$ cat upload_3.cif   # mmCIF, C-alpha atoms and all ligand atoms
data_work
loop_
_atom_site.label_atom_id
_atom_site.label_comp_id
_atom_site.auth_asym_id
_atom_site.auth_seq_id
_atom_site.Cartn_x
_atom_site.Cartn_y
_atom_site.Cartn_z
CA MET A 1 19.52 -2.81 0.02
CA SER A 2 19.37 -6.11 -1.72
CA ARG A 3 18.49 -7.23 -5.20
CA ILE A 4 15.38 -8.94 -3.82
CA LYS A 5 14.25 -5.68 -2.27
CA ASP A 6 14.83 -3.87 -5.57
CA ALA A 7 12.68 -6.50 -7.29
CA VAL A 8 9.88 -5.93 -4.77
CA ASP A 9 10.05 -2.18 -5.42
CA ALA A 10 9.89 -2.70 -9.18
CA VAL A 11 6.94 -5.06 -8.99
CA SER A 12 5.05 -2.88 -6.50
CA ARG A 13 5.64 0.21 -8.61
CA ALA A 14 4.23 -1.53 -11.68
CA ILE A 15 0.99 -2.34 -9.88
CA ILE A 16 0.67 1.10 -8.30
CA GLU A 17 1.25 2.75 -11.72
CA GLN A 18 -1.49 0.64 -13.30
CA ARG A 19 -4.02 1.31 -10.56
CA ASP A 20 -6.51 3.15 -12.77
CA TYR A 21 -6.19 0.68 -15.63
CA LEU A 22 -6.87 -2.27 -13.32
CA THR A 23 -9.80 -0.46 -11.83
CA SER A 24 -11.21 0.26 -15.30
CA LEU A 25 -11.12 -3.47 -16.09
CA ASP A 26 -12.96 -4.22 -12.86
CA LEU A 27 -15.57 -1.56 -13.68
CA GLU A 28 -16.55 -3.61 -16.74
CA ILE A 29 -17.35 -6.86 -14.93
CA GLY A 30 -17.05 -6.16 -11.20
CA ASP A 31 -17.27 -3.21 -8.83
CA GLY A 32 -14.32 -1.13 -9.98
CA ASP A 33 -12.05 -1.47 -7.00
CA HIS A 34 -9.41 -3.92 -8.18
CA GLY A 35 -6.72 -1.34 -8.94
CA ILE A 36 -7.40 0.47 -5.68
CA ASN A 37 -7.19 -2.80 -3.75
CA MET A 38 -3.98 -3.89 -5.45
CA ALA A 39 -2.28 -0.50 -5.17
CA ARG A 40 -3.10 -0.34 -1.47
CA GLY A 41 -1.85 -3.89 -0.96
CA PHE A 42 1.43 -3.36 -2.76
CA THR A 43 2.06 -0.04 -1.03
CA ALA A 44 1.74 -1.91 2.26
CA ALA A 45 3.90 -4.77 0.96
CA GLN A 46 6.64 -2.35 -0.06
CA GLU A 47 6.51 -0.71 3.38
CA ALA A 48 6.68 -4.08 5.13
CA VAL A 49 9.74 -5.09 3.11
CA ASP A 50 11.32 -1.67 3.74
CA GLU A 51 11.16 -2.37 7.46
CA MET A 52 12.93 -5.72 7.19
CA LEU A 53 16.52 -5.82 8.38
CA ASP A 54 17.51 -8.70 6.14
CA THR A 55 16.04 -8.94 2.66
CA THR A 56 18.64 -11.26 1.19
CA LYS A 57 16.51 -14.42 1.45
CA PRO A 58 13.41 -14.85 -0.71
CA GLY A 59 11.29 -16.81 1.80
CA PRO A 60 10.90 -14.14 4.52
CA VAL A 61 10.43 -11.40 1.91
CA LEU A 62 7.70 -13.31 0.07
CA ASP A 63 6.00 -14.04 3.39
CA ALA A 64 6.08 -10.37 4.43
CA ILE A 65 4.51 -9.42 1.08
CA GLY A 66 1.83 -12.07 1.53
CA ARG A 67 0.96 -10.94 5.03
CA ALA A 68 0.82 -7.29 3.98
CA LEU A 69 -1.49 -8.12 1.08
CA ILE A 70 -3.84 -10.15 3.27
CA GLN A 71 -4.01 -7.43 5.92
CA ASN A 72 -4.31 -4.40 3.68
CA THR A 73 -6.03 -5.36 0.49
CA GLY A 74 -9.78 -5.20 0.39
CA GLY A 75 -11.82 -7.39 -1.92
CA ALA A 76 -11.34 -10.96 -3.00
CA ALA A 77 -8.01 -10.51 -4.73
CA GLY A 78 -5.97 -9.35 -1.70
CA PRO A 79 -6.31 -12.51 0.37
CA LEU A 80 -5.89 -14.60 -2.80
CA PHE A 81 -2.66 -12.92 -3.90
CA GLY A 82 -1.57 -12.83 -0.26
CA THR A 83 -2.08 -16.57 0.09
CA ALA A 84 -0.19 -17.13 -3.17
CA PHE A 85 2.83 -15.20 -1.86
CA ARG A 86 2.73 -16.95 1.52
CA LYS A 87 2.56 -20.38 -0.12
CA ALA A 88 5.48 -19.47 -2.37
CA ALA A 89 7.36 -18.34 0.75
CA ALA A 90 6.69 -21.67 2.42
CA ALA A 91 8.04 -23.48 -0.64
CA CYS A 92 11.42 -21.71 -0.32
CA ASP A 93 14.40 -23.52 1.17
CA GLU A 94 18.18 -23.24 1.22
CA GLU A 95 18.33 -24.29 -2.42
CA THR A 96 15.91 -21.65 -3.68
CA GLY A 97 17.50 -19.33 -6.19
CA LEU A 98 16.98 -17.54 -9.44
CA ASN A 99 16.65 -20.58 -11.68
CA ILE A 100 13.98 -22.44 -13.63
CA ARG A 101 13.54 -25.21 -11.07
CA SER A 102 12.99 -22.83 -8.13
CA LEU A 103 10.61 -20.60 -10.05
CA GLU A 104 8.60 -23.67 -11.10
CA LYS A 105 8.26 -24.75 -7.47
CA LEU A 106 7.24 -21.30 -6.24
CA LEU A 107 4.68 -20.81 -8.99
CA ALA A 108 3.22 -24.27 -8.33
CA ALA A 109 2.85 -23.45 -4.64
CA ALA A 110 1.19 -20.13 -5.45
CA ILE A 111 -1.31 -21.85 -7.74
CA GLU A 112 -2.16 -24.43 -5.06
CA GLY A 113 -2.74 -21.60 -2.58
CA ILE A 114 -5.18 -19.82 -4.86
CA LYS A 115 -7.00 -23.02 -5.79
CA GLU A 116 -7.45 -23.86 -2.12
CA ARG A 117 -8.41 -20.43 -0.92
CA GLY A 118 -10.56 -19.42 -3.90
CA ARG A 119 -11.98 -22.84 -4.72
CA ALA A 120 -11.16 -21.90 -8.29
CA GLU A 121 -9.95 -23.94 -11.23
CA ALA A 122 -8.44 -23.20 -14.64
CA GLY A 123 -11.07 -21.66 -16.91
CA ASP A 124 -13.04 -19.90 -14.15
CA LYS A 125 -11.78 -16.51 -15.42
CA THR A 126 -9.52 -15.64 -12.49
CA ILE A 127 -5.90 -15.04 -11.51
CA LEU A 128 -5.32 -18.72 -12.25
CA ASP A 129 -5.90 -18.26 -15.98
CA ALA A 130 -2.74 -16.17 -16.17
CA LEU A 131 -0.76 -17.97 -13.47
CA ILE A 132 -1.27 -21.53 -14.73
CA PRO A 133 -0.06 -20.79 -18.30
CA ILE A 134 2.96 -18.93 -16.88
CA HIS A 135 3.78 -21.88 -14.63
CA GLU A 136 3.43 -24.37 -17.47
CA VAL A 137 6.44 -23.06 -19.37
CA PHE A 138 8.64 -23.67 -16.29
CA LEU A 139 7.80 -27.40 -16.10
CA PRO A 140 10.73 -29.78 -16.71
CA GLU A 141 9.12 -31.23 -19.86
CA ASN A 142 8.98 -27.75 -21.41
CA THR A 143 12.36 -26.41 -20.37
CA GLU A 144 14.85 -29.04 -21.51
CA GLY A 145 18.00 -27.38 -22.85
CA LYS A 146 16.57 -23.89 -22.38
CA ARG A 147 18.14 -20.97 -20.60
CA LEU A 148 16.40 -19.08 -17.83
CA PHE A 149 15.79 -15.97 -19.92
CA GLU A 150 14.28 -17.90 -22.76
CA VAL A 151 11.85 -19.48 -20.31
CA LEU A 152 11.08 -16.18 -18.59
CA GLN A 153 10.22 -14.69 -21.97
CA GLU A 154 8.03 -17.66 -22.89
CA GLY A 155 6.27 -17.16 -19.56
CA LEU A 156 5.40 -13.63 -20.56
CA ARG A 157 3.97 -14.77 -23.88
CA SER A 158 2.04 -17.57 -22.22
CA GLY A 159 0.66 -15.23 -19.55
CA ARG A 160 -0.48 -12.79 -22.23
CA GLU A 161 -2.30 -15.60 -24.00
CA GLY A 162 -3.89 -16.56 -20.70
CA VAL A 163 -5.22 -13.05 -20.16
CA ALA A 164 -6.51 -12.95 -23.75
CA TYR A 165 -8.27 -16.26 -23.10
CA THR A 166 -10.10 -14.78 -20.08
CA LYS A 167 -11.79 -12.43 -22.53
CA THR A 168 -13.49 -15.37 -24.23
CA ILE A 169 -14.91 -17.17 -21.19
CA VAL A 170 -17.66 -16.75 -18.59
CA ALA A 171 -16.63 -15.86 -15.04
CA LYS A 172 -17.40 -18.65 -12.60
CA LYS A 173 -15.91 -17.11 -9.45
CA GLY A 174 -16.06 -13.79 -7.68
CA ARG A 175 -18.24 -10.79 -8.45
CA ALA A 176 -17.91 -11.15 -12.21
CA SER A 177 -19.75 -14.50 -11.98
CA LEU A 178 -22.86 -12.52 -10.99
CA ILE A 179 -23.20 -11.15 -14.51
CA GLY A 180 -22.75 -14.57 -16.12
CA GLU A 181 -22.55 -14.48 -19.93
CA ARG A 182 -22.12 -10.71 -19.92
CA SER A 183 -18.62 -11.22 -18.55
CA ILE A 184 -17.59 -12.53 -21.98
CA GLY A 185 -15.66 -9.96 -24.02
CA HIS A 186 -13.83 -8.56 -21.00
CA GLU A 187 -10.41 -9.44 -19.62
CA ASP A 188 -10.29 -10.60 -16.03
CA PRO A 189 -8.76 -7.92 -13.78
CA GLY A 190 -7.04 -10.42 -11.48
CA ALA A 191 -5.48 -12.23 -14.44
CA MET A 192 -4.25 -8.87 -15.74
CA SER A 193 -2.70 -8.04 -12.34
CA THR A 194 -0.94 -11.38 -12.42
CA LEU A 195 0.49 -10.60 -15.85
CA LEU A 196 1.59 -7.12 -14.74
CA LEU A 197 3.35 -8.59 -11.69
CA TYR A 198 5.12 -11.15 -13.83
CA ARG A 199 6.03 -8.64 -16.54
CA ALA A 200 7.51 -6.26 -13.97
CA LEU A 201 9.63 -9.07 -12.54
CA TYR A 202 10.71 -10.11 -16.03
CA GLN A 203 11.71 -6.56 -16.94
CA PHE A 204 13.59 -6.19 -13.67
CA LEU A 205 15.53 -9.41 -14.20
CA LYS A 206 16.33 -8.53 -17.81
CA LYS A 207 18.19 -5.38 -16.75
N1 LIG A 301 -12.72 -17.41 -5.91
C1 LIG A 301 -11.74 -16.82 -6.63
N2 LIG A 301 -10.64 -17.50 -6.97
C2 LIG A 301 -9.62 -16.93 -7.67
N3 LIG A 301 -9.65 -15.65 -8.07
C3 LIG A 301 -10.72 -14.92 -7.76
C4 LIG A 301 -11.82 -15.45 -7.04
N4 LIG A 301 -12.75 -14.46 -6.86
C5 LIG A 301 -12.25 -13.37 -7.46
N5 LIG A 301 -11.03 -13.63 -8.00
C6 LIG A 301 -10.14 -12.69 -8.67
O1 LIG A 301 -10.26 -11.44 -8.02
C7 LIG A 301 -10.45 -10.42 -8.99
C8 LIG A 301 -11.32 -9.31 -8.41
O2 LIG A 301 -10.60 -8.69 -7.38
P1 LIG A 301 -11.13 -7.41 -6.62
O3 LIG A 301 -11.89 -6.54 -7.54
O4 LIG A 301 -9.94 -6.80 -5.97
O5 LIG A 301 -12.09 -8.01 -5.50
P2 LIG A 301 -13.70 -8.01 -5.45
O6 LIG A 301 -14.13 -8.98 -6.51
O7 LIG A 301 -14.02 -8.48 -4.08
O8 LIG A 301 -14.16 -6.62 -5.74
C9 LIG A 301 -11.10 -11.12 -10.17
O9 LIG A 301 -10.78 -10.45 -11.37
C10 LIG A 301 -10.51 -12.51 -10.12
O10 LIG A 301 -9.32 -12.60 -10.88
MG MG A 302 -13.67 -5.57 -7.45
#
$ encode --input "upload_3.cif" --output "structure tokens"
Amino acid sequence: MSRIKDAVDAVSRAIIEQRDYLTSLDLEIGDGDHGINMARGFTAAQEAVDEMLDTTKPGPVLDAIGRALIQNTGGAAGPLFGTAFRKAAAACDEETGLNIRSLEKLLAAAIEGIKERGRAEAGDKTILDALIPIHEVFLPENTEGKRLFEVLQEGLRSGREGVAYTKTIVAKKGRASLIGERSIGHEDPGAMSTLLLYRALYQFLKK
């Protein structure tokens, strides 16, 4: 057992518990499989990490999660989240630890992965509209003199605002883009998953 493995369990559990909620969001503007996809993916991710002999380093664990998500999650979101985790894994080095600087780097890498793979930008009503605002609070210009927990908490607030913002905009990527203007008034399921992942990590770290 390691603390990293415990974090993976906490985060996976949060997604699996919210399966029906995430699916209900996707029913509004997509095809109603987002929660099913994510729960399947994180069940597989948890199993993959369970089988690892050494879970003390973040890089290999993040990569195992990413691979499991890509292989086991149907729909658009699986490969996107999977790529995000694999890019974050690749951004890990000997220096990576639980601090503002490392988290900033990992989040930046995850965002680049999703932008590349999904050809998406901020404001397209996707995962990015939660992830980019979360990342922003970790940037050096926004963290001067702040402690990690203060920043983690700001990230949660910023992510919530990001999800709320997705309710006001038209989807430009994925299935929801097919209904155009009718996607307004609904939160993006992938942005909500992102917030749930982050919130679960935050709550785990706070303990
Ligand atoms: N091209 C894209 N770039 C970034 N995120 C995307 C893209 N397409 C879809 N998404 C995200 O995926 C979520 C839908 O995931 P899911 O329902 O699991 O897959 P599918 O749309 O194939 O049914 C959306 O809410 C959105 O956040
Ligand atoms: Mg769907």
$ residues_around --input "upload_3.cif" --residues "A:Arg86" --least-positions-apart "2" --cutoff "7 Å" --atoms "all atoms listed in the file" --output "number ranges by chain"
A: 62-63, 66, 82-84, 88-90
$ residues_near_point --input "upload_3.cif" --point "(-1.6, -21.0, 1.9)" --cutoff "8 Å" --atoms "all atoms listed in the file" --output "MDAnalysis selection string"
chainID A and resid 83:84 86:87 110 112:114 116:117
$ closest_residue --input "upload_3.cif" --among "A:Leu201, A:Leu69, A:Leu27, A:Ala10" --to "A:Ala45" --atoms "all atoms listed in the file"
A:Leu69
$ residues_near_ligand --input "upload_3.cif" --ligand "ligand MG 302 (chain A)" --cutoff "6 Å" --atoms "only C-alpha atoms and all ligand atoms" --output "list in words"
Asp26, Gly30, Asp31, Gly32, Asp33 and His34 of chain A
$ closest_atom_pairs --input "upload_3.cif" --of "chain A" --to "ligand LIG 301 (chain A)" --cutoff "10 Å" --atoms "only C-alpha atoms and all ligand atoms" --output "JSON lines"
{"residue": "A:Leu22", "atom": "CA", "partner": "A:LIG301", "partner_atom": "O3", "distance": 8.8}
{"residue": "A:Thr23", "atom": "CA", "partner": "A:LIG301", "partner_atom": "O3", "distance": 7.7}
{"residue": "A:Leu25", "atom": "CA", "partner": "A:LIG301", "partner_atom": "O9", "distance": 8.4}
{"residue": "A:Asp26", "atom": "CA", "partner": "A:LIG301", "partner_atom": "O3", "distance": 5.9}
{"residue": "A:Leu27", "atom": "CA", "partner": "A:LIG301", "partner_atom": "O3", "distance": 8.7}
{"residue": "A:Ile29", "atom": "CA", "partner": "A:LIG301", "partner_atom": "O9", "distance": 8.3}
{"residue": "A:Gly30", "atom": "CA", "partner": "A:LIG301", "partner_atom": "O8", "distance": 6.2}
{"residue": "A:Asp31", "atom": "CA", "partner": "A:LIG301", "partner_atom": "O8", "distance": 5.6}
{"residue": "A:Gly32", "atom": "CA", "partner": "A:LIG301", "partner_atom": "O3", "distance": 6.4}
{"residue": "A:Asp33", "atom": "CA", "partner": "A:LIG301", "partner_atom": "O3", "distance": 5.1}
{"residue": "A:His34", "atom": "CA", "partner": "A:LIG301", "partner_atom": "O3", "distance": 3.7}
{"residue": "A:Gly35", "atom": "CA", "partner": "A:LIG301", "partner_atom": "O4", "distance": 7.0}
{"residue": "A:Ile36", "atom": "CA", "partner": "A:LIG301", "partner_atom": "O4", "distance": 7.7}
{"residue": "A:Asn37", "atom": "CA", "partner": "A:LIG301", "partner_atom": "O4", "distance": 5.3}
{"residue": "A:Met38", "atom": "CA", "partner": "A:LIG301", "partner_atom": "O4", "distance": 6.7}
{"residue": "A:Ala39", "atom": "CA", "partner": "A:LIG301", "partner_atom": "O4", "distance": 10.0}
{"residue": "A:Gly41", "atom": "CA", "partner": "A:LIG301", "partner_atom": "O4", "distance": 10.0}
{"residue": "A:Thr73", "atom": "CA", "partner": "A:LIG301", "partner_atom": "O4", "distance": 7.7}
{"residue": "A:Gly74", "atom": "CA", "partner": "A:LIG301", "partner_atom": "O4", "distance": 6.6}
{"residue": "A:Gly75", "atom": "CA", "partner": "A:LIG301", "partner_atom": "O7", "distance": 3.3}
{"residue": "A:Ala76", "atom": "CA", "partner": "A:LIG301", "partner_atom": "O7", "distance": 3.8}
{"residue": "A:Ala77", "atom": "CA", "partner": "A:LIG301", "partner_atom": "O1", "distance": 4.1}
{"residue": "A:Gly78", "atom": "CA", "partner": "A:LIG301", "partner_atom": "O4", "distance": 6.4}
{"residue": "A:Pro79", "atom": "CA", "partner": "A:LIG301", "partner_atom": "O4", "distance": 9.3}
{"residue": "A:Leu80", "atom": "CA", "partner": "A:LIG301", "partner_atom": "N3", "distance": 6.6}
{"residue": "A:Phe81", "atom": "CA", "partner": "A:LIG301", "partner_atom": "N3", "distance": 8.6}
{"residue": "A:Ile111", "atom": "CA", "partner": "A:LIG301", "partner_atom": "C2", "distance": 9.7}
{"residue": "A:Gly113", "atom": "CA", "partner": "A:LIG301", "partner_atom": "C2", "distance": 9.7}
{"residue": "A:Ile114", "atom": "CA", "partner": "A:LIG301", "partner_atom": "C2", "distance": 6.0}
{"residue": "A:Lys115", "atom": "CA", "partner": "A:LIG301", "partner_atom": "N2", "distance": 6.7}
{"residue": "A:Glu116", "atom": "CA", "partner": "A:LIG301", "partner_atom": "N2", "distance": 8.6}
{"residue": "A:Arg117", "atom": "CA", "partner": "A:LIG301", "partner_atom": "N2", "distance": 7.1}
{"residue": "A:Gly118", "atom": "CA", "partner": "A:LIG301", "partner_atom": "N1", "distance": 3.6}
{"residue": "A:Arg119", "atom": "CA", "partner": "A:LIG301", "partner_atom": "N1", "distance": 5.6}
{"residue": "A:Ala120", "atom": "CA", "partner": "A:LIG301", "partner_atom": "N2", "distance": 4.6}
{"residue": "A:Glu121", "atom": "CA", "partner": "A:LIG301", "partner_atom": "N2", "distance": 7.8}
{"residue": "A:Ala122", "atom": "CA", "partner": "A:LIG301", "partner_atom": "C2", "distance": 9.4}
{"residue": "A:Asp124", "atom": "CA", "partner": "A:LIG301", "partner_atom": "C2", "distance": 7.9}
{"residue": "A:Lys125", "atom": "CA", "partner": "A:LIG301", "partner_atom": "O10", "distance": 6.5}
{"residue": "A:Thr126", "atom": "CA", "partner": "A:LIG301", "partner_atom": "O10", "distance": 3.4}
{"residue": "A:Ile127", "atom": "CA", "partner": "A:LIG301", "partner_atom": "O10", "distance": 4.2}
{"residue": "A:Leu128", "atom": "CA", "partner": "A:LIG301", "partner_atom": "C2", "distance": 6.5}
{"residue": "A:Asp129", "atom": "CA", "partner": "A:LIG301", "partner_atom": "O10", "distance": 8.4}
{"residue": "A:Ala130", "atom": "CA", "partner": "A:LIG301", "partner_atom": "O10", "distance": 9.2}
{"residue": "A:Thr166", "atom": "CA", "partner": "A:LIG301", "partner_atom": "O10", "distance": 9.5}
{"residue": "A:Ala171", "atom": "CA", "partner": "A:LIG301", "partner_atom": "C10", "distance": 8.5}
{"residue": "A:Lys172", "atom": "CA", "partner": "A:LIG301", "partner_atom": "N1", "distance": 8.3}
{"residue": "A:Lys173", "atom": "CA", "partner": "A:LIG301", "partner_atom": "N1", "distance": 4.8}
{"residue": "A:Gly174", "atom": "CA", "partner": "A:LIG301", "partner_atom": "N4", "distance": 3.5}
{"residue": "A:Arg175", "atom": "CA", "partner": "A:LIG301", "partner_atom": "O6", "distance": 4.9}
{"residue": "A:Ala176", "atom": "CA", "partner": "A:LIG301", "partner_atom": "C9", "distance": 7.1}
{"residue": "A:Ser177", "atom": "CA", "partner": "A:LIG301", "partner_atom": "N4", "distance": 8.7}
{"residue": "A:Glu187", "atom": "CA", "partner": "A:LIG301", "partner_atom": "O9", "distance": 8.3}
{"residue": "A:Asp188", "atom": "CA", "partner": "A:LIG301", "partner_atom": "O9", "distance": 4.7}
{"residue": "A:Pro189", "atom": "CA", "partner": "A:LIG301", "partner_atom": "O9", "distance": 4.0}
{"residue": "A:Gly190", "atom": "CA", "partner": "A:LIG301", "partner_atom": "O10", "distance": 3.2}
{"residue": "A:Ala191", "atom": "CA", "partner": "A:LIG301", "partner_atom": "O10", "distance": 5.2}
{"residue": "A:Met192", "atom": "CA", "partner": "A:LIG301", "partner_atom": "O10", "distance": 8.0}
{"residue": "A:Ser193", "atom": "CA", "partner": "A:LIG301", "partner_atom": "O10", "distance": 8.2}
{"residue": "A:Thr194", "atom": "CA", "partner": "A:LIG301", "partner_atom": "O10", "distance": 8.6}
$ residues_near_point --input "upload_3.cif" --point "(3.6, 0.6, -9.2)" --cutoff "10 Å" --atoms "all atoms listed in the file" --output "ChimeraX atom specification"
/A:9-19,38-39,42-43,196-197,200
$ write_last_selection --input "upload_3.cif" --atoms "C-alpha atoms" --output "PDB file, in the frame of the given file"
ATOM      1  CA  ASP A   9      10.050  -2.180  -5.420  1.00  0.00           C
ATOM      2  CA  ALA A  10       9.890  -2.700  -9.180  1.00  0.00           C
ATOM      3  CA  VAL A  11       6.940  -5.060  -8.990  1.00  0.00           C
ATOM      4  CA  SER A  12       5.050  -2.880  -6.500  1.00  0.00           C
ATOM      5  CA  ARG A  13       5.640   0.210  -8.610  1.00  0.00           C
ATOM      6  CA  ALA A  14       4.230  -1.530 -11.680  1.00  0.00           C
ATOM      7  CA  ILE A  15       0.990  -2.340  -9.880  1.00  0.00           C
ATOM      8  CA  ILE A  16       0.670   1.100  -8.300  1.00  0.00           C
ATOM      9  CA  GLU A  17       1.250   2.750 -11.720  1.00  0.00           C
ATOM     10  CA  GLN A  18      -1.490   0.640 -13.300  1.00  0.00           C
ATOM     11  CA  ARG A  19      -4.020   1.310 -10.560  1.00  0.00           C
ATOM     12  CA  MET A  38      -3.980  -3.890  -5.450  1.00  0.00           C
ATOM     13  CA  ALA A  39      -2.280  -0.500  -5.170  1.00  0.00           C
ATOM     14  CA  PHE A  42       1.430  -3.360  -2.760  1.00  0.00           C
ATOM     15  CA  THR A  43       2.060  -0.040  -1.030  1.00  0.00           C
ATOM     16  CA  LEU A 196       1.590  -7.120 -14.740  1.00  0.00           C
ATOM     17  CA  LEU A 197       3.350  -8.590 -11.690  1.00  0.00           C
ATOM     18  CA  ALA A 200       7.510  -6.260 -13.970  1.00  0.00           C
TER      19      ALA A 200
END
$ atom_distance --input "upload_3.cif" --atom1 "atom CA of A:His135" --atom2 "atom CA of A:Glu104"
6.2 Å
$ residues_around --input "upload_3.cif" --residues "A:Ser158" --least-positions-apart "5" --cutoff "8 Å" --atoms "only C-alpha atoms" --output "number ranges by chain"
A: 130, 133-134, 137
$ atom_distance --input "upload_3.cif" --atom1 "atom CA of A:Val49" --atom2 "atom CA of A:Glu94"
20.1 Å
$ atom_distance --input "upload_3.cif" --atom1 "atom CA of A:Lys105" --atom2 "atom CA of A:Gln203"
20.8 Å
$ closest_residue --input "upload_3.cif" --among "A:Ile132, A:Glu28, A:Thr96, A:Gly59" --to "A:Arg182" --atoms "all atoms listed in the file"
A:Glu28
$ closest_residue --input "upload_3.cif" --among "A:Arg40, A:Arg199, A:Arg3, A:His186" --to "A:Ile169" --atoms "all atoms listed in the file"
A:His186
$ build_atoms --input "upload_3.cif" --residues "stretch 8-30 of chain A" --atoms "N, CA and C atoms" --output "CSV table (one decimal), keeping the file's coordinate frame"
chain,number,residue,atom,x,y,z
A,8,VAL,N,11.2,-6.2,-5.4
A,8,VAL,CA,9.9,-5.9,-4.8
A,8,VAL,C,9.4,-4.5,-5.1
A,9,ASP,N,10.4,-3.6,-5.1
A,9,ASP,CA,10.0,-2.2,-5.4
A,9,ASP,C,9.6,-2.1,-6.9
A,10,ALA,N,10.2,-2.8,-7.8
A,10,ALA,CA,9.9,-2.7,-9.2
A,10,ALA,C,8.5,-3.3,-9.4
A,11,VAL,N,8.2,-4.4,-8.8
A,11,VAL,CA,6.9,-5.1,-9.0
A,11,VAL,C,5.8,-4.2,-8.4
A,12,SER,N,6.1,-3.7,-7.2
A,12,SER,CA,5.0,-2.9,-6.5
A,12,SER,C,4.8,-1.6,-7.3
A,13,ARG,N,5.8,-1.0,-7.8
A,13,ARG,CA,5.6,0.2,-8.6
A,13,ARG,C,4.8,-0.1,-9.8
A,14,ALA,N,5.0,-1.2,-10.5
A,14,ALA,CA,4.2,-1.5,-11.7
A,14,ALA,C,2.7,-1.6,-11.4
A,15,ILE,N,2.4,-2.2,-10.2
A,15,ILE,CA,1.0,-2.3,-9.9
A,15,ILE,C,0.4,-1.0,-9.5
A,16,ILE,N,1.2,-0.2,-8.7
A,16,ILE,CA,0.7,1.1,-8.3
A,16,ILE,C,0.5,2.0,-9.5
A,17,GLU,N,1.4,1.9,-10.5
A,17,GLU,CA,1.2,2.8,-11.7
A,17,GLU,C,0.0,2.4,-12.5
A,18,GLN,N,-0.4,1.1,-12.5
A,18,GLN,CA,-1.5,0.6,-13.3
A,18,GLN,C,-2.8,0.6,-12.5
A,19,ARG,N,-2.8,1.3,-11.4
A,19,ARG,CA,-4.0,1.3,-10.6
A,19,ARG,C,-5.3,1.6,-11.3
A,20,ASP,N,-5.3,2.7,-12.1
A,20,ASP,CA,-6.5,3.2,-12.8
A,20,ASP,C,-6.9,2.2,-13.9
A,21,TYR,N,-5.9,1.7,-14.6
A,21,TYR,CA,-6.2,0.7,-15.6
A,21,TYR,C,-6.9,-0.6,-15.0
A,22,LEU,N,-6.3,-1.1,-13.9
A,22,LEU,CA,-6.9,-2.3,-13.3
A,22,LEU,C,-8.3,-2.0,-12.8
A,23,THR,N,-8.5,-0.8,-12.3
A,23,THR,CA,-9.8,-0.5,-11.8
A,23,THR,C,-10.8,-0.4,-13.0
A,24,SER,N,-10.3,0.1,-14.1
A,24,SER,CA,-11.2,0.3,-15.3
A,24,SER,C,-11.6,-1.1,-15.8
A,25,LEU,N,-10.7,-2.1,-15.7
A,25,LEU,CA,-11.1,-3.5,-16.1
A,25,LEU,C,-12.2,-4.0,-15.1
A,26,ASP,N,-12.0,-3.7,-13.9
A,26,ASP,CA,-13.0,-4.2,-12.9
A,26,ASP,C,-14.3,-3.5,-13.0
A,27,LEU,N,-14.3,-2.3,-13.5
A,27,LEU,CA,-15.6,-1.6,-13.7
A,27,LEU,C,-16.5,-2.3,-14.7
A,28,GLU,N,-15.8,-2.9,-15.7
A,28,GLU,CA,-16.6,-3.6,-16.7
A,28,GLU,C,-17.3,-4.8,-16.2
A,29,ILE,N,-16.7,-5.6,-15.3
A,29,ILE,CA,-17.4,-6.9,-14.9
A,29,ILE,C,-17.5,-7.0,-13.4
A,30,GLY,N,-17.0,-6.0,-12.7
A,30,GLY,CA,-17.0,-6.2,-11.2
A,30,GLY,C,-17.5,-4.9,-10.6
